[in-house]
Structure formats: structure tokens, C-alpha cells
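Chemist: This is structure19.txt (compact mmCIF, C-alpha atoms).
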```
# COMPACT_ATOMS: atom_id res chain seq x y z
CA MET A 13 -47.65 -18.38 -18.86
CA ASP A 14 -48.72 -19.93 -15.51
CA GLY A 15 -47.72 -23.40 -16.67
CA ILE A 16 -44.39 -22.45 -18.15
CA LEU A 17 -41.67 -25.05 -17.53
CA ASN A 18 -44.08 -27.21 -15.56
CA ASN A 19 -45.49 -29.31 -18.39
CA SER A 20 -42.97 -32.15 -18.58
CA LYS A 21 -43.96 -35.78 -18.15
CA ALA A 22 -42.12 -38.28 -15.99
CA GLY A 23 -39.04 -39.56 -17.79
CA ASP A 24 -38.90 -36.66 -20.26
CA ALA A 25 -35.71 -34.68 -20.70
CA VAL A 26 -35.67 -31.49 -18.64
CA ILE A 27 -33.08 -29.89 -20.94
CA ASP A 28 -33.12 -30.83 -24.61
CA LEU A 29 -30.77 -29.28 -27.18
CA GLN A 30 -31.00 -30.55 -30.75
CA GLY A 31 -28.76 -29.54 -33.65
CA VAL A 32 -27.59 -26.31 -32.03
CA TRP A 33 -25.20 -24.14 -34.02
CA LYS A 34 -23.74 -20.83 -32.92
CA ILE A 35 -21.85 -18.80 -35.47
CA PHE A 36 -20.44 -15.39 -34.53
CA GLY A 37 -20.13 -12.71 -37.18
CA ALA A 38 -22.10 -10.33 -39.37
CA ARG A 39 -22.64 -13.00 -42.05
CA GLN A 40 -23.65 -15.84 -39.76
CA ASP A 41 -26.75 -16.74 -41.77
CA ASP A 42 -24.77 -16.94 -45.01
CA ALA A 43 -22.14 -19.04 -43.24
CA MET A 44 -24.79 -21.38 -41.88
CA GLU A 45 -26.26 -21.85 -45.33
CA ALA A 46 -22.82 -22.58 -46.77
CA ILE A 47 -22.16 -25.17 -44.09
CA ARG A 48 -25.41 -26.93 -44.90
CA THR A 49 -25.13 -26.80 -48.69
CA ARG A 50 -21.37 -27.00 -49.22
CA GLY A 51 -20.13 -28.65 -46.04
CA LEU A 52 -17.65 -25.90 -45.16
CA THR A 53 -15.29 -26.54 -42.27
CA LYS A 54 -14.68 -24.16 -39.38
CA PRO A 55 -11.46 -22.72 -40.93
CA GLU A 56 -13.20 -22.32 -44.30
CA VAL A 57 -16.09 -20.43 -42.66
CA LEU A 58 -13.60 -18.07 -41.03
CA GLU A 59 -11.73 -17.49 -44.28
CA GLU A 60 -14.75 -17.01 -46.55
CA PHE A 61 -17.25 -15.27 -44.26
CA ASN A 62 -15.05 -13.90 -41.43
CA CYS A 63 -17.30 -15.78 -38.99
CA VAL A 64 -16.36 -18.01 -36.09
CA VAL A 65 -18.16 -21.30 -35.46
CA GLY A 66 -18.57 -21.42 -31.66
CA VAL A 67 -20.85 -24.47 -31.47
CA ALA A 68 -21.38 -27.00 -34.25
CA ASP A 69 -24.47 -29.22 -34.41
CA ALA A 70 -24.61 -29.95 -30.66
CA SER A 71 -27.31 -32.26 -29.33
CA PHE A 72 -27.88 -33.69 -25.85
CA GLN A 73 -30.56 -34.24 -23.22
CA VAL A 74 -30.41 -33.86 -19.46
CA HIS A 75 -32.95 -35.71 -17.34
CA LYS A 76 -34.49 -34.76 -14.01
CA GLY A 77 -32.06 -34.93 -11.12
CA GLU A 78 -29.08 -35.61 -13.40
CA ILE A 79 -25.74 -33.83 -13.21
CA PHE A 80 -24.61 -33.52 -16.83
CA CYS A 81 -21.07 -32.22 -17.29
CA ILE A 82 -19.82 -30.53 -20.43
CA MET A 83 -16.04 -30.71 -20.46
CA GLY A 84 -13.47 -29.20 -22.80
CA LEU A 85 -10.39 -27.03 -23.01
CA SER A 86 -10.54 -23.26 -23.23
CA GLY A 87 -12.16 -22.27 -26.52
CA SER A 88 -13.91 -25.61 -27.01
CA GLY A 89 -17.38 -23.98 -26.95
CA LYS A 90 -18.65 -25.35 -23.63
CA SER A 91 -19.50 -22.00 -22.03
CA THR A 92 -21.01 -20.78 -25.29
CA LEU A 93 -23.21 -23.86 -25.39
CA VAL A 94 -24.55 -23.57 -21.83
CA ARG A 95 -25.60 -19.96 -22.43
CA HIS A 96 -28.17 -21.15 -24.94
CA VAL A 97 -30.18 -22.92 -22.24
CA ASN A 98 -31.32 -19.63 -20.66
CA ARG A 99 -30.96 -17.74 -23.95
CA LEU A 100 -28.14 -15.50 -22.95
CA LEU A 101 -27.14 -16.49 -26.48
CA THR A 102 -29.52 -17.24 -29.34
CA PRO A 103 -28.50 -20.13 -31.60
CA THR A 104 -27.89 -19.60 -35.27
CA ALA A 105 -29.76 -22.86 -35.82
CA GLY A 106 -31.25 -25.66 -33.75
CA SER A 107 -33.74 -25.99 -30.90
CA VAL A 108 -33.55 -25.52 -27.13
CA THR A 109 -36.33 -26.71 -24.84
CA VAL A 110 -36.57 -26.80 -21.07
CA ASN A 111 -39.34 -28.96 -19.60
CA GLY A 112 -40.98 -28.99 -22.99
CA THR A 113 -40.97 -25.20 -23.37
CA ASP A 114 -39.32 -23.77 -26.48
CA ILE A 115 -36.91 -21.24 -24.99
CA MET A 116 -36.44 -19.57 -28.38
CA ALA A 117 -40.17 -18.84 -28.67
CA LEU A 118 -40.48 -16.90 -25.39
CA ASN A 119 -41.11 -13.16 -25.47
CA ASP A 120 -38.89 -10.88 -23.37
CA GLN A 121 -41.22 -10.86 -20.37
CA ASP A 122 -41.59 -14.63 -20.25
CA LEU A 123 -37.86 -15.11 -20.78
CA LEU A 124 -37.08 -12.89 -17.78
CA LYS A 125 -39.54 -14.90 -15.71
CA VAL A 126 -37.85 -18.16 -16.71
CA ARG A 127 -34.40 -16.81 -15.86
CA ASN A 128 -35.55 -15.52 -12.49
CA GLU A 129 -37.74 -18.41 -11.36
CA HIS A 130 -36.86 -21.58 -13.24
CA ILE A 131 -33.18 -21.52 -14.29
CA ALA A 132 -30.45 -20.46 -11.86
CA MET A 133 -26.88 -19.83 -13.02
CA VAL A 134 -23.72 -19.98 -10.89
CA PHE A 135 -20.67 -18.32 -12.40
CA GLN A 136 -16.95 -18.71 -11.79
CA ASN A 137 -16.64 -15.07 -10.66
CA PHE A 138 -19.39 -15.42 -8.00
CA GLY A 139 -21.41 -12.40 -9.25
CA LEU A 140 -22.05 -11.00 -5.76
CA MET A 141 -23.16 -7.41 -5.12
CA PRO A 142 -20.48 -5.77 -2.93
CA HIS A 143 -22.89 -3.32 -1.28
CA ARG A 144 -25.27 -6.08 -0.15
CA SER A 145 -24.91 -8.37 2.82
CA VAL A 146 -24.50 -12.09 2.28
CA ARG A 147 -28.14 -12.63 3.22
CA ASP A 148 -29.35 -9.93 0.81
CA ASN A 149 -27.21 -11.37 -1.98
CA VAL A 150 -28.77 -14.79 -1.47
CA ALA A 151 -32.28 -13.31 -1.24
CA MET A 152 -31.96 -11.15 -4.36
CA PRO A 153 -33.84 -13.47 -6.79
CA LEU A 154 -36.77 -13.54 -4.38
CA GLU A 155 -36.67 -9.77 -4.00
CA ILE A 156 -37.00 -9.46 -7.78
CA ARG A 157 -40.07 -11.69 -7.60
CA GLY A 158 -41.65 -9.38 -5.06
CA TYR A 159 -41.39 -11.57 -1.95
CA SER A 160 -41.71 -9.86 1.42
CA GLN A 161 -38.54 -9.22 3.37
CA ASN A 162 -39.45 -11.83 5.97
CA ALA A 163 -40.13 -14.49 3.33
CA ARG A 164 -36.98 -13.88 1.33
CA TRP A 165 -34.77 -13.64 4.42
CA LYS A 166 -36.20 -16.91 5.70
CA ALA A 167 -35.41 -18.62 2.39
CA ALA A 168 -31.93 -17.05 2.31
CA GLU A 169 -31.13 -18.15 5.85
CA ASP A 170 -32.30 -21.70 5.12
CA ALA A 171 -30.05 -21.79 2.06
CA LEU A 172 -27.08 -20.38 3.97
CA ALA A 173 -27.55 -23.06 6.61
CA LEU A 174 -27.26 -25.72 3.90
CA VAL A 175 -23.86 -24.38 2.84
CA ASP A 176 -22.71 -23.77 6.42
CA LEU A 177 -22.61 -19.97 6.24
CA SER A 178 -25.32 -19.01 8.75
CA GLU A 179 -22.90 -17.05 10.93
CA TRP A 180 -21.82 -14.92 7.96
CA LYS A 181 -25.24 -13.71 6.85
CA ASP A 182 -24.66 -10.06 7.89
CA LYS A 183 -21.14 -9.83 6.40
CA PHE A 184 -20.25 -8.34 3.02
CA ALA A 185 -18.69 -10.19 0.10
CA HIS A 186 -15.22 -8.68 0.56
CA GLU A 187 -15.11 -10.10 4.09
CA LEU A 188 -15.40 -13.68 2.78
CA SER A 189 -12.79 -15.97 1.26
CA GLY A 190 -13.13 -17.10 -2.35
CA GLY A 191 -14.52 -20.46 -1.32
CA MET A 192 -17.07 -18.81 0.96
CA GLN A 193 -18.13 -16.41 -1.79
CA GLN A 194 -18.70 -19.35 -4.09
CA ARG A 195 -20.89 -20.93 -1.41
CA VAL A 196 -22.92 -17.73 -1.31
CA GLY A 197 -23.46 -18.04 -5.07
CA LEU A 198 -24.58 -21.63 -4.59
CA ALA A 199 -26.88 -20.60 -1.73
CA ARG A 200 -28.45 -17.94 -3.96
CA ALA A 201 -29.26 -20.61 -6.55
CA ILE A 202 -30.71 -22.82 -3.81
CA ALA A 203 -32.86 -20.01 -2.40
CA ALA A 204 -34.24 -19.29 -5.87
CA ASP A 205 -35.49 -22.89 -5.88
CA ALA A 206 -35.06 -23.21 -9.64
CA GLU A 207 -35.66 -26.55 -11.34
CA VAL A 208 -32.47 -26.18 -13.40
CA LEU A 209 -28.98 -25.19 -12.29
CA LEU A 210 -26.40 -23.96 -14.81
CA MET A 211 -22.91 -24.11 -13.31
CA ASP A 212 -20.23 -22.45 -15.44
CA GLU A 213 -16.83 -23.52 -14.04
CA PRO A 214 -17.95 -22.48 -10.55
CA PHE A 215 -14.98 -23.95 -8.68
CA SER A 216 -12.11 -23.49 -11.14
CA ALA A 217 -10.66 -20.37 -9.48
CA LEU A 218 -10.40 -22.01 -6.04
CA ASP A 219 -7.55 -23.76 -4.29
CA PRO A 220 -7.54 -27.56 -4.77
CA LEU A 221 -8.59 -28.41 -1.20
CA ILE A 222 -11.44 -25.87 -1.13
CA ARG A 223 -12.45 -26.96 -4.61
CA ARG A 224 -12.75 -30.59 -3.54
CA GLN A 225 -14.76 -29.61 -0.47
CA LEU A 226 -17.19 -27.59 -2.58
CA GLN A 227 -17.49 -30.42 -5.09
CA GLU A 228 -18.53 -32.75 -2.28
CA GLU A 229 -20.92 -30.16 -0.89
CA PHE A 230 -22.46 -29.54 -4.28
CA MET A 231 -22.98 -33.25 -4.98
CA ARG A 232 -24.64 -33.67 -1.60
CA LEU A 233 -26.98 -30.73 -2.14
CA ALA A 234 -27.82 -31.66 -5.74
CA SER A 235 -28.76 -35.17 -4.62
CA GLN A 236 -30.71 -33.89 -1.64
CA MET A 237 -32.72 -31.39 -3.68
CA ASN A 238 -32.95 -33.49 -6.87
CA LYS A 239 -31.88 -30.56 -9.05
CA THR A 240 -31.23 -30.96 -12.76
CA THR A 241 -27.75 -29.57 -13.36
CA LEU A 242 -25.68 -28.63 -16.38
CA PHE A 243 -22.10 -28.32 -15.10
CA ILE A 244 -19.32 -26.78 -17.21
CA THR A 245 -15.68 -27.61 -16.49
CA HIS A 246 -12.27 -27.81 -18.19
CA ASP A 247 -11.12 -30.45 -15.69
CA LEU A 248 -11.90 -34.07 -16.60
CA GLU A 249 -11.24 -35.27 -13.04
CA GLU A 250 -13.91 -32.85 -11.81
CA ALA A 251 -16.32 -33.99 -14.53
CA VAL A 252 -15.70 -37.64 -13.70
CA ARG A 253 -16.17 -37.01 -10.00
CA ILE A 254 -19.35 -34.95 -10.30
CA GLY A 255 -21.09 -36.02 -13.48
CA ASP A 256 -23.67 -38.73 -14.00
CA ARG A 257 -22.84 -38.26 -17.69
CA ILE A 258 -20.21 -36.25 -19.53
CA ALA A 259 -20.09 -34.59 -22.94
CA ILE A 260 -16.58 -33.80 -24.19
CA MET A 261 -16.22 -30.87 -26.60
CA LYS A 262 -13.50 -29.89 -29.04
CA ASP A 263 -13.64 -26.95 -31.48
CA GLY A 264 -17.35 -26.47 -30.87
CA VAL A 265 -18.20 -30.14 -31.49
CA ILE A 266 -19.38 -32.70 -28.92
CA VAL A 267 -17.01 -35.58 -29.68
CA GLN A 268 -18.30 -38.07 -27.08
CA THR A 269 -21.12 -38.37 -24.57
CA GLY A 270 -21.44 -41.06 -21.93
CA THR A 271 -21.05 -42.04 -18.31
CA PRO A 272 -17.60 -41.51 -16.77
CA GLU A 273 -17.07 -45.27 -16.96
CA GLU A 274 -18.03 -45.44 -20.64
CA ILE A 275 -15.74 -42.58 -21.60
CA ILE A 276 -12.76 -43.87 -19.64
CA MET A 277 -13.12 -47.44 -20.87
CA ASN A 278 -14.05 -46.64 -24.46
CA PRO A 279 -12.66 -43.23 -25.54
CA ALA A 280 -14.07 -42.23 -28.92
CA ASP A 281 -10.81 -40.95 -30.40
CA ASP A 282 -7.22 -39.98 -29.61
CA TYR A 283 -8.35 -36.59 -28.27
CA VAL A 284 -10.52 -38.20 -25.61
CA MET A 285 -7.91 -40.89 -24.97
CA ASP A 286 -5.35 -38.20 -24.11
CA PHE A 287 -7.74 -36.79 -21.52
CA VAL A 288 -8.55 -40.08 -19.83
CA GLY A 289 -4.98 -41.37 -19.79
CA GLY A 290 -4.20 -39.99 -16.33
CA ILE A 291 -7.53 -40.75 -14.65
CA SER A 292 -7.60 -43.43 -11.95
CA ARG A 293 -10.02 -46.17 -12.92
CA ILE A 294 -10.41 -48.07 -9.67
CA ASN A 295 -13.35 -46.05 -8.37
CA LEU A 296 -15.07 -45.71 -11.75
CA ILE A 297 -14.99 -49.05 -13.52
CA ARG A 298 -17.74 -51.42 -12.40
CA ALA A 299 -17.51 -55.19 -12.09
CA HIS A 300 -20.06 -55.80 -14.85
CA SER A 301 -17.76 -54.03 -17.33
CA LEU A 302 -14.89 -56.41 -16.60
CA ALA A 303 -16.85 -59.65 -16.39
CA ARG A 304 -17.21 -62.26 -19.11
CA PRO A 305 -20.30 -64.51 -19.19
CA ARG A 306 -20.02 -67.46 -16.82
CA ALA A 307 -20.93 -69.96 -19.54
CA GLU A 308 -18.13 -68.64 -21.75
CA PHE A 309 -15.61 -68.90 -18.92
CA GLU A 310 -16.65 -72.42 -17.95
CA ALA A 311 -16.54 -73.62 -21.57
CA GLU A 312 -12.89 -72.61 -21.66
CA HIS A 313 -11.73 -73.36 -18.11
CA GLY A 314 -14.21 -75.84 -16.70
CA SER A 315 -16.91 -75.45 -14.07
CA LEU A 316 -16.49 -73.12 -11.14
CA SER A 317 -15.99 -74.73 -7.75
CA GLY A 318 -18.85 -72.91 -6.06
CA ASN A 319 -16.55 -71.39 -3.45
CA GLU A 320 -15.61 -68.27 -5.41
CA ALA A 321 -15.69 -64.79 -3.88
CA VAL A 322 -18.78 -62.91 -5.05
CA VAL A 323 -19.27 -59.25 -6.00
CA SER A 324 -22.24 -57.39 -7.45
CA GLY A 325 -22.22 -56.04 -10.97
CA ASN A 326 -22.21 -52.47 -9.66
CA ASP A 327 -19.22 -52.92 -7.34
CA THR A 328 -16.21 -50.80 -8.24
CA LEU A 329 -12.87 -52.10 -9.41
CA ARG A 330 -11.48 -51.14 -6.00
CA GLN A 331 -14.03 -53.42 -4.31
CA VAL A 332 -13.21 -56.23 -6.74
CA ILE A 333 -9.50 -55.86 -5.96
CA VAL A 334 -10.21 -56.16 -2.23
CA LYS A 335 -12.16 -59.36 -2.85
CA ALA A 336 -9.47 -60.74 -5.14
CA ALA A 337 -6.79 -60.16 -2.51
CA ASP A 338 -8.45 -62.77 -0.30
CA SER A 339 -9.18 -65.23 -3.11
CA THR A 340 -6.98 -67.53 -5.13
CA GLY A 341 -9.47 -68.14 -7.92
CA PRO A 342 -11.71 -66.06 -10.17
CA ILE A 343 -14.40 -63.72 -8.86
CA LEU A 344 -18.07 -64.45 -9.47
CA VAL A 345 -20.17 -61.43 -10.50
CA LYS A 346 -23.86 -61.40 -9.63
CA ASP A 347 -25.56 -58.86 -11.86
CA GLU A 348 -29.31 -58.75 -11.32
CA ASP A 349 -29.80 -56.17 -14.07
CA LEU A 350 -28.33 -58.52 -16.67
CA GLY A 351 -30.06 -61.56 -15.21
CA THR A 352 -26.90 -63.65 -15.59
CA ASP A 353 -23.64 -64.37 -13.76
CA GLY A 354 -20.21 -63.28 -14.90
CA VAL A 355 -16.62 -64.11 -14.03
CA ILE A 356 -13.59 -61.87 -13.47
CA THR A 357 -10.06 -63.28 -13.47
CA LYS A 358 -6.91 -61.72 -12.05
CA ASN A 359 -5.87 -60.80 -15.61
CA ASP A 360 -9.20 -59.02 -16.11
CA ILE A 361 -8.50 -56.99 -12.97
CA LEU A 362 -5.01 -56.05 -14.19
CA ASN A 363 -6.39 -55.00 -17.56
CA GLY A 364 -8.98 -52.87 -15.77
CA VAL A 365 -6.32 -51.10 -13.74
CA ILE A 366 -3.80 -50.58 -16.53
CA LEU A 367 -5.86 -50.30 -19.71
CA GLY A 368 -9.49 -49.82 -18.77
CA THR A 369 -10.46 -52.65 -21.10
CA GLU A 370 -8.55 -55.55 -22.59
CA ASP A 371 -8.93 -54.16 -26.08
CA SER A 372 -8.12 -50.50 -25.40
```
Could you rewrite the structure in this file as C-alpha cells?
Modeler:
Amino acid sequence: MDGILNNSKAGDAVIDLQGVWKIFGARQDDAMEAIRTRGLTKPEVLEEFNCVVGVADASFQVHKGEIFCIMGLSGSGKSTLVRHVNRLLTPTAGSVTVNGTDIMALNDQDLLKVRNEHIAMVFQNFGLMPHRSVRDNVAMPLEIRGYSQNARWKAAEDALALVDLSEWKDKFAHELSGGMQQRVGLARAIAADAEVLLMDEPFSALDPLIRRQLQEEFMRLASQMNKTTLFITHDLEEAVRIGDRIAIMKDGVIVQTGTPEEIIMNPADDYVMDFVGGISRINLIRAHSLARPRAEFEAEHGSLSGNEAVVSGNDTLRQVIVKAADSTGPILVKDEDLGTDGVITKNDILNGVILGTEDS
């Protein structure tokens, strides 16, 4: 048990879910068998077995330091899915591993240890104890582990300093605003020093301005501490802003997984396309996605003059637009990762702004 969740190799997935199904109902095993042998749909499972398919054959990996967002409307299965990572729910089928440890194989004692020491969860409703001070709320995971009062208070105060709540450490939860209470929940996860953070719509109940501030604060802290985060949201703009990658769910199924840029430029179906339709692309689309190979451009239009404005392949569409405003010709894209140059024309830029890609 000493090495639990500490046996991963560099580059391995920290969180790995493969083929996870969750079916609710007394006949879940029969329903699962019918799905496998007869290919029953979700409505057919409900009609024949009176069971609800909450998650259907979900697979994804989250790597160290990554913020992986699972996004979907209410009832899509996203919160059900995240609760399998710390085994608040047990899957009907499939595997769940964290740092190479099979979460489903843990006994009750080891599972409690994992939840307390290795996987921290931040809920939408804060989950604060009203009779405890802010400092004691933050220190609670360390108290459960048996830390001395001095040690846990030191860790709590350090965490509160990170979220700018040091002056509120002796207050009670009801004396804090909603945004401040959510910061206390985040500080508690920080103080626990868990490798994995599970964030279940933590900012959705907050006012837009406070929500944006906490998003920025969370991204800063996650980067600073290199935490591996599974972030649940119903808001695509939040997912795009926070996530390194996004999985979009519908009716218990993950319909598309990719970077924000990949999903916005190449939506998998009409459902995803409806979501991305209102998202601004100028800070998400990168120059390399808009560029055509230089050789292809020159074969059609002739050689470049050598005086073109230059951007890097990772520059955003906004940065390309700024360059294009001061240039009359095409933009040259230097992309070291691809090892070749590309070219962006004014039409390419317009397509990026309006459509995402020329073919979308």
C-alpha cells in the first residue's frame, strides 16, 4: 500500500478510463449483457429492463499536469463519469486506473486512503462545514490523516495565501461570499496536496465576473502546482478557456475529444457544431491550422518576395490579424515543429474568423 498511486512512469496517463459503462437499475447486469449481445439502444434498455444508461463505453486518458474538461448539457453523464475516478460510483463495466493503480481492485481501507491523500474533489456546492473556521475547513483532510495542529494549520494558511484569503482564516463559511467559499474549497484541495483534482462544475453557481476571476486563478494555480485535473462543466466557453483538451458528452456517450482548437475547427457532428457556433475563434485558432504549404502556394501564385510579414505556427489568429493589418501581401508562417514554412492569405484569415476552416 505504501506505493499506491506512485508507480507511474514518465509520459504515462495519470487517469485512464477504458470502456466504462454505468447502468442504473436492479437489472443492470442483464441490461449490460443485452447491450453487448443484441446491441440495444438506451431507450430500448429503459423499456425492456427499466434501467438507465448513464455512461456508455467511455474511454479517455488524462496526462500529468493536464486540465481535461468533460463538457455536456445537464443529464449528459459528465458528473456520473467523473465519480468513477474516485469510485464514488462503481462502473457496470470497464476499467479505471489512476497512476497505474486499478481503482476497482482497492479494498475499502485503501480506497479511503486514495480519496483522502491522492484524489481531491471540489464540488459546486463548496461542501464546507459551517461549524468550522475557514482555516479548519481547509485543514480537514490533513486532520483526517493525523497531522498535528501546527502542521495542518501551516499547510492551510499557505493554501489560503495562494487564493488570497489569509485575512479570512478565522471566519466561518456563512461570513464569506459564494466566490470566497469556492476559493476555500479550492484551498482545501491545494492543502491536501493530491496528485489529482476532480472539479465538478465548481464555478457554475457564481456570478459571471467572479466566475471568470476564479477561472483565471484556478488556471494559474494548476499550472504553478502541475496538478492533473479533470474539470466538469456545462459551459463550452469555460471548457475552451480552461481545458488543454475537451471531451464533449451527449446521452452518456463521449462524441468528440480534442483540443479546443480541434473541436472548434472540426466539430464531429451537428451536436458539437451547435455548441461551437457562438465561440470566438481568434484566440484559439493557431497559424499552423490556417496555413497551406509554401511550395503549394508558390506553385499557384509564384514565388514569395521575401519581404512578407512572419508569424510562428503557434501564434493565434488574433496575432495573425494584427500582422496582416500592416501587410499588403500574404503572411509567412514559420513552424519549427513541422519543419516547413506555410503561407496564410487574407482569405484564409477571413475563413478562420467566419468559418473556422475553409471546408467547415
Chemist: Within 6 Å of stretch 260-264 of chain A, counting only C-alpha atoms, which residues qualify if same-chain residues fewer than 5 places away don't, as a list in words?
Modeler: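 Residues meeting the cut-off are Gly66, Val67, Ala68, Ile82, Met83, Gly84, Ser88 and Gly89 of chain A.
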Chemist: When you count all atoms listed in the file, which of these residues is closest to A:Met211: A:Asn162, A:Lys181, A:Leu100, A:Ser91?
Modeler: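 Using all atoms listed in the file, A:Met211 sits closest to A:Ser91.
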Chemist: With all atoms listed in the file as the counted atoms, please give the residues lying no more than 12 Å from A:Asp120, apart from itself and same-chain residues fewer than 6 positions off, as a PyMOL selection string.
Modeler: chain A and resi 98-100+126-127
Chemist: Please dump the current selection as a PDB file, in the frame of the given file; keep C-alpha atoms.
Modeler:
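Written out: again_9.pdb:
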```pdb
ATOM      1  CA  ASN A  98     -31.320 -19.630 -20.660  1.00  0.00           C
ATOM      2  CA  ARG A  99     -30.960 -17.740 -23.950  1.00  0.00           C
ATOM      3  CA  LEU A 100     -28.140 -15.500 -22.950  1.00  0.00           C
ATOM      4  CA  VAL A 126     -37.850 -18.160 -16.710  1.00  0.00           C
ATOM      5  CA  ARG A 127     -34.400 -16.810 -15.860  1.00  0.00           C
TER       6      ARG A 127
END
```
Chemist: Ranking A:Ala46, A:Ile35, A:Ile79, A:Leu302 by minimum distance to A:Val64 and counting only C-alpha atoms, which one comes first?
Modeler: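 Nearest to A:Val64: A:Ile35.
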Chemist: Between A:Met237, A:Val94, A:Ile297, A:Ile343, which one has atoms that come closest to A:Asp327, using all atoms listed in the file?
Modeler: A:Ile297
Chemist: Separation of atom CA of A:Gly290 and atom CA of A:Ala337, in Å?
Modeler: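 Calculated distance between atom CA of A:Gly290 and atom CA of A:Ala337 is 24.6 Å.
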Chemist: Residues within 7 Å of stretch 174-176 of chain A, please, as a list in words. Count all atoms listed in the file; anything in the same chain fewer than 2 positions from it doesn't count.
Modeler: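 Counting only the stated atoms, we get Asp170, Ala171, Leu172, Ser178, Arg195 and Ala199 of chain A.
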Chemist: Could those selected residues go to a file with C-alpha atoms, as a compact mmCIF listing (two decimals), in the frame of the given file?
Modeler:
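Once written, part.txt looks like this:
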```txt
# COMPACT_ATOMS: atom_id res chain seq x y z
CA ASP A 170 -32.30 -21.70 5.12
CA ALA A 171 -30.05 -21.79 2.06
CA LEU A 172 -27.08 -20.38 3.97
CA SER A 178 -25.32 -19.01 8.75
CA ARG A 195 -20.89 -20.93 -1.41
CA ALA A 199 -26.88 -20.60 -1.73
```
Chemist: Hey, can you check how far atom CA of A:Ala280 sits from atom CA of A:Val252?
Modeler: 16.0 Å
Chemist: Can you tell me how far atom CA of A:His186 sits from atom CA of A:Ala151, in Å to one decimal?
Modeler: 17.8 Å
Chemist: Which of these residues is nearest to A:His96, using all atoms listed in the file: A:Val332, A:Val32, A:Ile202, A:Ala117?
Modeler: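 Looking at the shortest contact to A:His96, the residue is A:Val32.
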Chemist: Counting only C-alpha atoms, which residue out of A:Glu78, A:Asp28, A:Glu207, A:Asp219 sits closest to A:Val108?
Modeler: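 Selected residue with least distance to A:Val108: A:Asp28.
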Chemist: For each of A:Val345, A:Ile276, A:Leu29, A:Ile266, take the minimum atom-to-atom distance to A:Thr109, counting all atoms listed in the file, then give the residue where this is smallest.
Modeler: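 That would be A:Leu29, the residue with the smallest distance to A:Thr109.
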Chemist: Find the residues near A:Lys76: any atom within 8 Å, counting all atoms listed in the file, skip ones fewer than 4 places away on the same chain, and give them as a PyMOL selection string.
Modeler: chain A and resi 23-26+238-240
Chemist: May I have the residues at most 7 Å from (-15.5, -66.6, -3.0) in the file's coordinates, counting all atoms listed in the file, as a list of chain:residue names?
Modeler: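 Every residue inside that radius is included here: A:Asn319, A:Glu320, A:Ala321, A:Val322, A:Ser339, A:Ile343.
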Chemist: Could you rebuild stretch 110-123 of chain A with N, CA and C atoms and give me the result as a short mmCIF file (atom, residue, chain, number, x, y, z; two decimals), in the frame of the given file?
Modeler:
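Output file result_25.cif is given in full below:
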```
data_model
loop_
_atom_site.label_atom_id
_atom_site.label_comp_id
_atom_site.auth_asym_id
_atom_site.auth_seq_id
_atom_site.Cartn_x
_atom_site.Cartn_y
_atom_site.Cartn_z
N VAL A 110 -36.73 -26.50 -22.49
CA VAL A 110 -36.57 -26.80 -21.07
C VAL A 110 -37.94 -27.19 -20.52
N ASN A 111 -38.04 -28.41 -20.04
CA ASN A 111 -39.34 -28.96 -19.60
C ASN A 111 -40.42 -28.81 -20.66
N GLY A 112 -40.02 -29.03 -21.89
CA GLY A 112 -40.98 -28.99 -22.99
C GLY A 112 -41.28 -27.61 -23.52
N THR A 113 -40.74 -26.57 -22.91
CA THR A 113 -40.97 -25.20 -23.37
C THR A 113 -39.87 -24.77 -24.33
N ASP A 114 -40.27 -24.26 -25.48
CA ASP A 114 -39.32 -23.77 -26.48
C ASP A 114 -38.76 -22.43 -26.00
N ILE A 115 -37.53 -22.45 -25.54
CA ILE A 115 -36.91 -21.24 -24.99
C ILE A 115 -36.79 -20.16 -26.05
N MET A 116 -36.59 -20.55 -27.30
CA MET A 116 -36.44 -19.57 -28.38
C MET A 116 -37.74 -18.85 -28.70
N ALA A 117 -38.88 -19.44 -28.32
CA ALA A 117 -40.17 -18.84 -28.67
C ALA A 117 -40.69 -17.88 -27.61
N LEU A 118 -40.00 -17.75 -26.48
CA LEU A 118 -40.48 -16.90 -25.39
C LEU A 118 -40.30 -15.42 -25.73
N ASN A 119 -41.29 -14.61 -25.35
CA ASN A 119 -41.11 -13.16 -25.47
C ASN A 119 -40.23 -12.67 -24.33
N ASP A 120 -39.85 -11.40 -24.35
CA ASP A 120 -38.89 -10.88 -23.37
C ASP A 120 -39.40 -11.03 -21.94
N GLN A 121 -40.67 -10.78 -21.72
CA GLN A 121 -41.22 -10.86 -20.37
C GLN A 121 -41.19 -12.29 -19.84
N ASP A 122 -41.60 -13.23 -20.68
CA ASP A 122 -41.59 -14.63 -20.25
C ASP A 122 -40.17 -15.15 -20.07
N LEU A 123 -39.26 -14.69 -20.91
CA LEU A 123 -37.86 -15.11 -20.78
C LEU A 123 -37.27 -14.64 -19.45
#
```
